[in-house]
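Chemist: I'm passing along protein07.cif; it holds mmCIF, C-alpha atoms and all ligand atoms.
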```
data_start
loop_
_atom_site.group_PDB
_atom_site.id
_atom_site.type_symbol
_atom_site.label_atom_id
_atom_site.label_comp_id
_atom_site.auth_asym_id
_atom_site.auth_seq_id
_atom_site.Cartn_x
_atom_site.Cartn_y
_atom_site.Cartn_z
ATOM 1 C CA MET K 1 -7.479 -8.411 23.446
ATOM 2 C CA THR K 2 -8.786 -8.461 19.905
ATOM 3 C CA ILE K 3 -7.468 -6.175 17.230
ATOM 4 C CA THR K 4 -9.929 -5.498 14.428
ATOM 5 C CA LEU K 5 -8.328 -4.186 11.251
ATOM 6 C CA TYR K 6 -10.712 -2.315 8.994
ATOM 7 C CA CYS K 7 -9.722 -2.989 5.420
ATOM 8 C CA PHE K 8 -10.940 -3.216 1.838
ATOM 9 C CA ARG K 9 -10.429 -6.650 0.303
ATOM 10 C CA PRO K 10 -7.757 -8.738 -1.380
ATOM 11 C CA VAL K 11 -7.385 -8.159 -5.091
ATOM 12 C CA ALA K 12 -5.223 -9.644 -7.867
ATOM 13 C CA GLY K 13 -2.966 -11.533 -5.455
ATOM 14 C CA LEU K 14 -2.519 -8.500 -3.172
ATOM 15 C CA PRO K 15 -3.455 -8.964 0.511
ATOM 16 C CA ASP K 16 -5.586 -5.833 0.173
ATOM 17 C CA ALA K 17 -6.441 -3.362 -2.577
ATOM 18 C CA SER K 18 -4.895 -0.607 -0.441
ATOM 19 C CA PRO K 19 -1.136 -0.529 0.075
ATOM 20 C CA PHE K 20 -1.712 1.280 3.377
ATOM 21 C CA VAL K 21 -3.897 -1.581 4.629
ATOM 22 C CA THR K 22 -1.272 -4.075 3.421
ATOM 23 C CA LYS K 23 1.396 -2.127 5.314
ATOM 24 C CA ALA K 24 -0.684 -2.305 8.508
ATOM 25 C CA MET K 25 -1.191 -6.057 8.038
ATOM 26 C CA VAL K 26 2.568 -6.613 7.681
ATOM 27 C CA LEU K 27 3.324 -4.477 10.751
ATOM 28 C CA LEU K 28 0.824 -6.457 12.857
ATOM 29 C CA LYS K 29 2.293 -9.714 11.585
ATOM 30 C CA MET K 30 5.870 -8.516 12.219
ATOM 31 C CA ALA K 31 4.815 -7.659 15.781
ATOM 32 C CA GLY K 32 3.324 -11.139 16.163
ATOM 33 C CA LEU K 33 -0.136 -9.738 16.903
ATOM 34 C CA ASP K 34 -3.291 -11.536 15.825
ATOM 35 C CA TYR K 35 -6.001 -9.478 14.191
ATOM 36 C CA VAL K 36 -9.328 -9.981 12.545
ATOM 37 C CA GLU K 37 -10.251 -8.268 9.306
ATOM 38 C CA ASP K 38 -13.462 -6.288 8.972
ATOM 39 C CA ARG K 39 -14.329 -5.280 5.417
ATOM 40 C CA SER K 40 -17.487 -3.406 6.330
ATOM 41 C CA GLY K 41 -16.139 -0.410 8.221
ATOM 42 C CA PHE K 42 -15.276 2.139 5.539
ATOM 43 C CA SER K 43 -18.370 4.285 6.115
ATOM 44 C CA LYS K 44 -17.373 4.645 9.770
ATOM 45 C CA ALA K 45 -13.672 5.368 9.167
ATOM 46 C CA PRO K 46 -12.765 8.198 11.573
ATOM 47 C CA LYS K 47 -10.551 9.921 8.989
ATOM 48 C CA GLY K 48 -12.588 8.824 5.977
ATOM 49 C CA LYS K 49 -9.781 6.462 4.975
ATOM 50 C CA GLN K 50 -8.634 2.930 5.693
ATOM 51 C CA PRO K 51 -6.843 1.339 7.440
ATOM 52 C CA TYR K 52 -7.913 1.895 11.000
ATOM 53 C CA ILE K 53 -7.981 -0.501 13.913
ATOM 54 C CA ASN K 54 -10.130 -0.956 16.951
ATOM 55 C CA GLU K 55 -8.715 -2.595 20.006
ATOM 56 C CA ASP K 56 -10.914 -2.975 23.054
ATOM 57 C CA GLY K 57 -12.856 0.161 22.214
ATOM 58 C CA GLU K 58 -9.818 2.254 21.284
ATOM 59 C CA THR K 59 -9.719 3.326 17.654
ATOM 60 C CA VAL K 60 -6.486 4.211 15.869
ATOM 61 C CA ALA K 61 -6.699 5.557 12.326
ATOM 62 C CA ASP K 62 -3.875 5.750 9.753
ATOM 63 C CA SER K 63 -1.192 3.140 9.095
ATOM 64 C CA THR K 64 1.585 5.200 10.679
ATOM 65 C CA PHE K 65 -0.423 5.827 13.844
ATOM 66 C CA ILE K 66 -1.235 2.122 13.943
ATOM 67 C CA ARG K 67 2.519 1.524 13.910
ATOM 68 C CA PHE K 68 3.068 4.064 16.711
ATOM 69 C CA HIS K 69 0.257 2.423 18.701
ATOM 70 C CA VAL K 70 1.795 -1.059 18.343
ATOM 71 C CA GLU K 71 5.227 0.254 19.304
ATOM 72 C CA LYS K 72 3.896 1.980 22.413
ATOM 73 C CA LYS K 73 1.315 -0.524 23.597
ATOM 74 C CA TYR K 74 3.342 -3.687 23.002
ATOM 75 C CA GLY K 75 6.870 -2.299 23.391
ATOM 76 C CA VAL K 76 7.721 -3.381 19.849
ATOM 77 C CA ASP K 77 10.723 -1.741 18.176
ATOM 78 C CA PHE K 78 10.528 -2.595 14.487
ATOM 79 C CA ASP K 79 13.852 -0.822 13.908
ATOM 80 C CA ALA K 80 15.868 -2.092 16.897
ATOM 81 C CA HIS K 81 18.640 -3.359 14.627
ATOM 82 C CA LEU K 82 19.024 -0.126 12.651
ATOM 83 C CA SER K 83 21.467 2.762 13.098
ATOM 84 C CA ALA K 84 20.057 6.260 13.530
ATOM 85 C CA ALA K 85 20.962 7.039 9.900
ATOM 86 C CA GLN K 86 19.186 3.897 8.655
ATOM 87 C CA LYS K 87 16.073 4.845 10.650
ATOM 88 C CA ALA K 88 16.150 8.272 9.013
ATOM 89 C CA ILE K 89 16.519 6.779 5.535
ATOM 90 C CA GLY K 90 13.705 4.319 6.320
ATOM 91 C CA TRP K 91 11.380 7.174 7.200
ATOM 92 C CA CYS K 92 12.273 9.094 3.994
ATOM 93 C CA VAL K 93 11.737 6.001 1.849
ATOM 94 C CA GLU K 94 8.385 5.260 3.485
ATOM 95 C CA LYS K 95 7.161 8.740 2.873
ATOM 96 C CA MET K 96 8.381 8.663 -0.753
ATOM 97 C CA CYS K 97 6.205 5.575 -1.207
ATOM 98 C CA GLU K 98 3.206 6.987 0.630
ATOM 99 C CA GLU K 99 3.209 10.574 -0.559
ATOM 100 C CA HIS K 100 4.644 10.213 -4.087
ATOM 101 C CA LEU K 101 4.563 6.688 -5.480
ATOM 102 C CA TYR K 102 1.057 6.239 -4.042
ATOM 103 C CA TRP K 103 -0.371 8.972 -6.282
ATOM 104 C CA ILE K 104 1.322 7.420 -9.308
ATOM 105 C CA ILE K 105 -0.353 4.113 -8.435
ATOM 106 C CA VAL K 106 -3.711 5.867 -8.004
ATOM 107 C CA HIS K 107 -3.359 7.628 -11.353
ATOM 108 C CA THR K 108 -2.345 4.417 -13.120
ATOM 109 C CA ARG K 109 -5.182 2.400 -11.583
ATOM 110 C CA TRP K 110 -8.025 4.863 -11.831
ATOM 111 C CA MET K 111 -7.332 7.232 -14.720
ATOM 112 C CA ASP K 112 -6.141 4.801 -17.392
ATOM 113 C CA GLU K 113 -9.244 3.285 -19.043
ATOM 114 C CA ALA K 114 -7.878 -0.236 -19.571
ATOM 115 C CA ASN K 115 -6.407 -0.407 -16.073
ATOM 116 C CA PHE K 116 -9.620 0.927 -14.578
ATOM 117 C CA GLU K 117 -11.642 -1.796 -16.303
ATOM 118 C CA ARG K 118 -9.132 -4.479 -15.261
ATOM 119 C CA GLY K 119 -9.008 -3.345 -11.625
ATOM 120 C CA PRO K 120 -11.107 -0.757 -9.786
ATOM 121 C CA ALA K 121 -14.190 -1.262 -11.995
ATOM 122 C CA ARG K 122 -14.557 -4.594 -10.223
ATOM 123 C CA PHE K 123 -14.789 -2.845 -6.840
ATOM 124 C CA PHE K 124 -18.295 -1.734 -7.847
ATOM 125 C CA SER K 125 -19.753 -5.211 -8.216
ATOM 126 C CA SER K 126 -21.904 -4.760 -5.099
ATOM 127 C CA VAL K 127 -23.528 -1.585 -6.504
ATOM 128 C CA PRO K 128 -26.830 -2.349 -8.280
ATOM 129 C CA ALA K 129 -26.207 -2.549 -12.055
ATOM 130 C CA ILE K 130 -28.493 0.391 -12.785
ATOM 131 C CA ALA K 131 -26.538 2.721 -10.500
ATOM 132 C CA ARG K 132 -23.082 1.345 -11.310
ATOM 133 C CA PRO K 133 -22.091 3.683 -14.189
ATOM 134 C CA LEU K 134 -23.012 6.739 -12.098
ATOM 135 C CA ALA K 135 -21.155 5.397 -9.054
ATOM 136 C CA LYS K 136 -18.051 4.759 -11.166
ATOM 137 C CA TRP K 137 -18.231 8.217 -12.715
ATOM 138 C CA PHE K 138 -18.715 9.881 -9.315
ATOM 139 C CA ILE K 139 -15.808 8.102 -7.606
ATOM 140 C CA ARG K 140 -13.461 8.562 -10.553
ATOM 141 C CA ARG K 141 -14.279 12.253 -10.634
ATOM 142 C CA ARG K 142 -13.553 12.515 -6.901
ATOM 143 C CA ILE K 143 -10.221 10.735 -7.374
ATOM 144 C CA ALA K 144 -9.333 12.966 -10.338
ATOM 145 C CA LYS K 145 -9.980 15.992 -8.103
ATOM 146 C CA SER K 146 -7.725 14.540 -5.377
ATOM 147 C CA LEU K 147 -5.001 13.896 -7.944
ATOM 148 C CA TRP K 148 -5.294 17.487 -9.146
ATOM 149 C CA ALA K 149 -5.221 18.891 -5.599
ATOM 150 C CA GLN K 150 -2.204 16.766 -4.685
ATOM 151 C CA GLY K 151 -0.463 17.805 -7.911
ATOM 152 C CA MET K 152 0.231 14.466 -9.613
ATOM 153 C CA GLY K 153 -2.904 14.863 -11.725
ATOM 154 C CA ARG K 154 -1.458 17.982 -13.356
ATOM 155 C CA HIS K 155 1.247 15.950 -15.129
ATOM 156 C CA SER K 156 0.926 14.071 -18.426
ATOM 157 C CA PRO K 157 0.905 10.251 -18.291
ATOM 158 C CA SER K 158 4.470 10.135 -19.643
ATOM 159 C CA GLU K 159 5.647 12.627 -17.019
ATOM 160 C CA ILE K 160 3.984 10.510 -14.320
ATOM 161 C CA ASP K 161 5.771 7.438 -15.688
ATOM 162 C CA ALA K 162 9.101 9.287 -15.534
ATOM 163 C CA LEU K 163 8.515 10.153 -11.860
ATOM 164 C CA GLY K 164 7.419 6.619 -10.997
ATOM 165 C CA MET K 165 10.413 5.089 -12.708
ATOM 166 C CA ARG K 166 12.698 7.259 -10.560
ATOM 167 C CA ASP K 167 10.957 5.901 -7.429
ATOM 168 C CA ILE K 168 11.413 2.338 -8.654
ATOM 169 C CA GLU K 169 15.073 2.939 -9.494
ATOM 170 C CA ALA K 170 15.637 4.409 -6.020
ATOM 171 C CA LEU K 171 13.961 1.432 -4.295
ATOM 172 C CA ALA K 172 15.814 -1.140 -6.405
ATOM 173 C CA THR K 173 19.137 0.600 -5.712
ATOM 174 C CA LEU K 174 18.494 0.834 -1.974
ATOM 175 C CA ILE K 175 17.528 -2.820 -1.644
ATOM 176 C CA GLY K 176 20.410 -3.937 -3.854
ATOM 177 C CA ASP K 177 21.246 -7.571 -3.210
ATOM 178 C CA LYS K 178 20.076 -7.544 0.411
ATOM 179 C CA PRO K 179 17.052 -9.580 1.496
ATOM 180 C CA TYR K 180 15.497 -6.524 3.150
ATOM 181 C CA LEU K 181 16.038 -2.756 3.022
ATOM 182 C CA PHE K 182 18.802 -2.753 5.624
ATOM 183 C CA GLY K 183 20.143 -6.276 5.594
ATOM 184 C CA ASP K 184 19.079 -9.726 6.664
ATOM 185 C CA ALA K 185 16.187 -8.712 8.930
ATOM 186 C CA PRO K 186 13.080 -6.705 8.030
ATOM 187 C CA CYS K 187 12.398 -3.321 9.647
ATOM 188 C CA GLY K 188 9.315 -1.108 9.859
ATOM 189 C CA ALA K 189 9.958 0.559 6.513
ATOM 190 C CA ASP K 190 9.971 -2.847 4.801
ATOM 191 C CA ALA K 191 6.249 -3.134 5.585
ATOM 192 C CA THR K 192 5.646 0.023 3.565
ATOM 193 C CA VAL K 193 8.117 -0.645 0.763
ATOM 194 C CA PHE K 194 6.734 -4.156 0.318
ATOM 195 C CA ALA K 195 3.146 -2.901 0.173
ATOM 196 C CA PHE K 196 3.914 -0.355 -2.524
ATOM 197 C CA VAL K 197 6.269 -2.560 -4.563
ATOM 198 C CA ALA K 198 3.633 -5.325 -4.534
ATOM 199 C CA SER K 199 1.007 -2.822 -5.712
ATOM 200 C CA VAL K 200 3.182 -1.635 -8.583
ATOM 201 C CA LEU K 201 4.013 -5.208 -9.601
ATOM 202 C CA SER K 202 0.391 -6.359 -9.501
ATOM 203 C CA PRO K 203 -0.884 -7.449 -12.931
ATOM 204 C CA MET K 204 -4.009 -5.393 -12.236
ATOM 205 C CA SER K 205 -2.384 -2.265 -13.716
ATOM 206 C CA GLU K 206 -0.081 -2.168 -16.696
ATOM 207 C CA SER K 207 2.335 0.736 -16.980
ATOM 208 C CA ALA K 208 5.893 1.714 -17.794
ATOM 209 C CA VAL K 209 6.457 1.915 -14.042
ATOM 210 C CA ARG K 210 5.365 -1.710 -13.613
ATOM 211 C CA ASP K 211 7.619 -2.726 -16.508
ATOM 212 C CA ALA K 212 10.521 -0.922 -14.803
ATOM 213 C CA ALA K 213 9.796 -2.763 -11.554
ATOM 214 C CA LEU K 214 9.555 -6.127 -13.337
ATOM 215 C CA ALA K 215 12.929 -5.452 -14.959
ATOM 216 C CA ASN K 216 14.541 -5.316 -11.506
ATOM 217 C CA ALA K 217 14.821 -8.943 -10.450
ATOM 218 C CA ASN K 218 15.807 -7.880 -6.922
ATOM 219 C CA LEU K 219 12.504 -6.019 -6.468
ATOM 220 C CA VAL K 220 10.478 -8.985 -7.655
ATOM 221 C CA ALA K 221 12.470 -11.291 -5.346
ATOM 222 C CA TYR K 222 11.982 -8.835 -2.461
ATOM 223 C CA ARG K 223 8.203 -8.862 -3.022
ATOM 224 C CA ASP K 224 8.194 -12.678 -3.238
ATOM 225 C CA ARG K 225 10.310 -13.019 -0.083
ATOM 226 C CA ILE K 226 7.909 -10.926 1.978
ATOM 227 C CA VAL K 227 4.843 -12.666 0.551
ATOM 228 C CA GLN K 228 6.432 -15.969 1.529
ATOM 229 C CA ALA K 229 7.247 -14.710 5.050
ATOM 230 C CA TYR K 230 3.936 -13.006 5.902
ATOM 231 C CA PHE K 231 1.313 -14.179 3.397
ATOM 232 C CA PRO K 232 2.393 -17.739 2.564
ATOM 233 C CA GLU K 233 -1.178 -18.477 1.513
ATOM 234 C CA ASN K 234 -0.664 -16.013 -1.388
ATOM 235 C CA ALA K 235 2.716 -17.417 -2.465
ATOM 236 C CA PRO K 236 2.832 -19.348 -5.740
ATOM 237 C CA ALA K 237 2.869 -23.105 -5.057
HETATM 238 N N1 LIG B 1 -2.200 8.222 5.542
HETATM 239 C C1 LIG B 1 -3.152 7.142 5.455
HETATM 240 C C2 LIG B 1 -3.558 6.933 4.013
HETATM 241 C C3 LIG B 1 -4.660 5.902 3.856
HETATM 242 C C4 LIG B 1 -5.314 5.981 2.478
HETATM 243 O O1 LIG B 1 -5.015 6.855 1.658
HETATM 244 N N2 LIG B 1 -6.267 5.073 2.259
HETATM 245 C C5 LIG B 1 -7.013 5.109 1.035
HETATM 246 C C6 LIG B 1 -6.965 3.764 0.329
HETATM 247 S S1 LIG B 1 -5.383 3.440 -0.341
HETATM 248 C C7 LIG B 1 -8.479 5.384 1.335
HETATM 249 O O2 LIG B 1 -9.031 4.870 2.284
HETATM 250 N N3 LIG B 1 -9.108 6.199 0.494
HETATM 251 C C8 LIG B 1 -10.511 6.424 0.566
HETATM 252 C C9 LIG B 1 -10.886 7.810 0.244
HETATM 253 O O3 LIG B 1 -9.989 8.672 0.111
HETATM 254 O O4 LIG B 1 -12.103 8.048 0.120
HETATM 255 C C10 LIG B 1 -2.536 5.889 6.072
HETATM 256 O O5 LIG B 1 -1.301 5.803 6.170
HETATM 257 O O6 LIG B 1 -3.289 5.015 6.529
#
```
Please, can you express the file's structure as structure tokens?
Modeler:
Amino acid sequence: MTITLYCFRPVAGLPDASPFVTKAMVLLKMAGLDYVEDRSGFSKAPKGKQPYINEDGETVADSTFIRFHVEKKYGVDFDAHLSAAQKAIGWCVEKMCEEHLYWIIVHTRWMDEANFERGPARFFSSVPAIARPLAKWFIRRRIAKSLWAQGMGRHSPSEIDALGMRDIEALATLIGDKPYLFGDAPCGADATVFAFVASVLSPMSESAVRDAALANANLVAYRDRIVQAYFPENAPA
């Protein structure tokens, strides 16, 4: 059985540019499943987004459905050591990251000129130089429309920072001085929290939210711990 994970590509020390792809990678690694990465599948993504996986002809799209698939097919329980209340909190925290913090990350990366040049502008290197400015303009306009439709794009940059800093404060408080969200062992939600904390901390985008994350030594240590456990090749020597 071969699992193919359709992904973007590593960037600025992150396993993948997308926190959702990074989450899927961590879940597969936590489950002890081997996978191969395919960076050429975006145009065929069944939901128009990555990640998705293909396993022996079966396609599963979306990081959460990939998790459900792994749990069902391989009998993995990422949360076996959690109480019912901890599982509920884990779900709420994941969705805060995915449905709230994510849009703050998107805004910071794509709408801020300096951050755009430092990060996403480099994603266009394979587009012929003559078409590159138009491609950048087109994609940024599409992302601005998504941000507006979702709602985050209607706030000022300082309002967005205020919301992001609340997310960071909540994550830092929840993790506290524990190695993982709920103690000494990682659970499913750690895959998500790690992916989003690592994205915020990445030097690719500068922001007040990143500064707030850097000021929480426990968040930085949490990111480093999970890099060391699952992506040792990315850990500082
Ligand atoms: N709910 C999805 C979200 C995935 C997602 O938003 N992926 C983004 C990258 S971070 C994407 O592929 N965006 C491409 C697009 O919207 O065109 C999941 O959990 O996998």
Chemist: Box time for ligand LIG 1 (chain B): axis-aligned, enclosing all its listed atoms, 5 Å extra on each side; report centre and edge lengths in Å to one decimal, as JSON.
Modeler:
```
{"center_x": -6.7, "center_y": 6.1, "center_z": 3.1, "size_x": 20.8, "size_y": 15.2, "size_z": 16.9}
```
Chemist: Decode the PyMOL selection byres (((chain K and resi 53) around 7) and not hetatm) for the given file into explicit residues and return them as a list in words.
Modeler: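 Listing what the PyMOL selection byres (((chain K and resi 53) around 7) and not hetatm) selects in the shown file: Ile3, Thr4, Leu5, Tyr6, Pro51, Tyr52, Asn54, Glu55, Thr59, Val60 and Ala61 of chain K.
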Chemist: Fewer than 6 positions away in the same chain doesn't count, so skip those; otherwise give me all residues within 7 Å of segment 161-166 of chain K, counting all atoms listed in the file, as a short mmCIF file (atom, residue, chain, number, x, y, z; two decimals) with C-alpha atoms, in the coordinates of the input.
Modeler:
```
data_model
loop_
_atom_site.label_atom_id
_atom_site.label_comp_id
_atom_site.auth_asym_id
_atom_site.auth_seq_id
_atom_site.Cartn_x
_atom_site.Cartn_y
_atom_site.Cartn_z
CA LEU K 101 4.56 6.69 -5.48
CA ILE K 104 1.32 7.42 -9.31
CA ALA K 208 5.89 1.71 -17.79
CA VAL K 209 6.46 1.92 -14.04
CA ALA K 212 10.52 -0.92 -14.80
#
```
Chemist: Tell me, in Å to one decimal, how far atom CA of Ala229 of chain K is from atom CA of Met30 of chain K.
Modeler: 9.6 Å
Chemist: Could you name the residues that touch Lys145 of chain K at 12 Å or less, counting all atoms listed in the file, but leaving out those on the same chain fewer than 4 positions away, as a compact mmCIF listing (two decimals) with C-alpha atoms, in the frame of the given file?
Modeler:
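Resulting contents of part10.txt:
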```
# COMPACT_ATOMS: atom_id res chain seq x y z
CA VAL K 106 -3.71 5.87 -8.00
CA HIS K 107 -3.36 7.63 -11.35
CA TRP K 110 -8.02 4.86 -11.83
CA MET K 111 -7.33 7.23 -14.72
CA PHE K 138 -18.72 9.88 -9.32
CA ILE K 139 -15.81 8.10 -7.61
CA ARG K 140 -13.46 8.56 -10.55
CA ARG K 141 -14.28 12.25 -10.63
CA ALA K 149 -5.22 18.89 -5.60
CA GLN K 150 -2.20 16.77 -4.68
CA GLY K 151 -0.46 17.80 -7.91
CA MET K 152 0.23 14.47 -9.61
CA GLY K 153 -2.90 14.86 -11.72
CA ARG K 154 -1.46 17.98 -13.36
```
Chemist: Within 6 Å of ligand LIG 1 (chain B), which residues show up when you count all atoms listed in the file? List them as a PyMOL selection string, please.
Modeler: chain K and resi 18-20+48-51+62-64
Chemist: Near Pro203 of chain K, within 12 Å and counting only C-alpha atoms, which residues show up once chain neighbours fewer than 2 positions away are dropped, as a compact mmCIF listing (two decimals) with C-alpha atoms, keeping the file's coordinate frame?
Modeler:
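After the write, around.txt holds the following:
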```txt
# COMPACT_ATOMS: atom_id res chain seq x y z
CA VAL K 11 -7.38 -8.16 -5.09
CA ALA K 12 -5.22 -9.64 -7.87
CA GLY K 13 -2.97 -11.53 -5.46
CA LEU K 14 -2.52 -8.50 -3.17
CA THR K 108 -2.35 4.42 -13.12
CA ARG K 109 -5.18 2.40 -11.58
CA ASN K 115 -6.41 -0.41 -16.07
CA ARG K 118 -9.13 -4.48 -15.26
CA GLY K 119 -9.01 -3.34 -11.62
CA ALA K 198 3.63 -5.32 -4.53
CA SER K 199 1.01 -2.82 -5.71
CA VAL K 200 3.18 -1.64 -8.58
CA LEU K 201 4.01 -5.21 -9.60
CA SER K 205 -2.38 -2.26 -13.72
CA GLU K 206 -0.08 -2.17 -16.70
CA SER K 207 2.34 0.74 -16.98
CA VAL K 209 6.46 1.92 -14.04
CA ARG K 210 5.36 -1.71 -13.61
CA ASP K 211 7.62 -2.73 -16.51
CA ALA K 213 9.80 -2.76 -11.55
CA LEU K 214 9.56 -6.13 -13.34
```
Chemist: Quick one: which residues end up in the PyMOL selection byres (((chain K and resi 172-184) around 9) and not hetatm) for this structure, as a short mmCIF file (atom, residue, chain, number, x, y, z; two decimals) with C-alpha atoms, in the frame of the given file?
Modeler:
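The result, stored in expr_1.cif:
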```cif
data_model
loop_
_atom_site.label_atom_id
_atom_site.label_comp_id
_atom_site.auth_asym_id
_atom_site.auth_seq_id
_atom_site.Cartn_x
_atom_site.Cartn_y
_atom_site.Cartn_z
CA LEU K 82 19.02 -0.13 12.65
CA GLN K 86 19.19 3.90 8.65
CA GLY K 90 13.70 4.32 6.32
CA ASP K 167 10.96 5.90 -7.43
CA ILE K 168 11.41 2.34 -8.65
CA GLU K 169 15.07 2.94 -9.49
CA ALA K 170 15.64 4.41 -6.02
CA LEU K 171 13.96 1.43 -4.30
CA ALA K 185 16.19 -8.71 8.93
CA PRO K 186 13.08 -6.70 8.03
CA CYS K 187 12.40 -3.32 9.65
CA ALA K 189 9.96 0.56 6.51
CA ASP K 190 9.97 -2.85 4.80
CA VAL K 193 8.12 -0.64 0.76
CA ALA K 213 9.80 -2.76 -11.55
CA ASN K 216 14.54 -5.32 -11.51
CA ALA K 217 14.82 -8.94 -10.45
CA ASN K 218 15.81 -7.88 -6.92
CA LEU K 219 12.50 -6.02 -6.47
CA ALA K 221 12.47 -11.29 -5.35
CA TYR K 222 11.98 -8.84 -2.46
CA ARG K 225 10.31 -13.02 -0.08
CA ILE K 226 7.91 -10.93 1.98
#
```
Chemist: So what do you get for atom CA of Ile66 of chain K versus atom CA of Leu147 of chain K, distance-wise?
Modeler: 25.1 Å
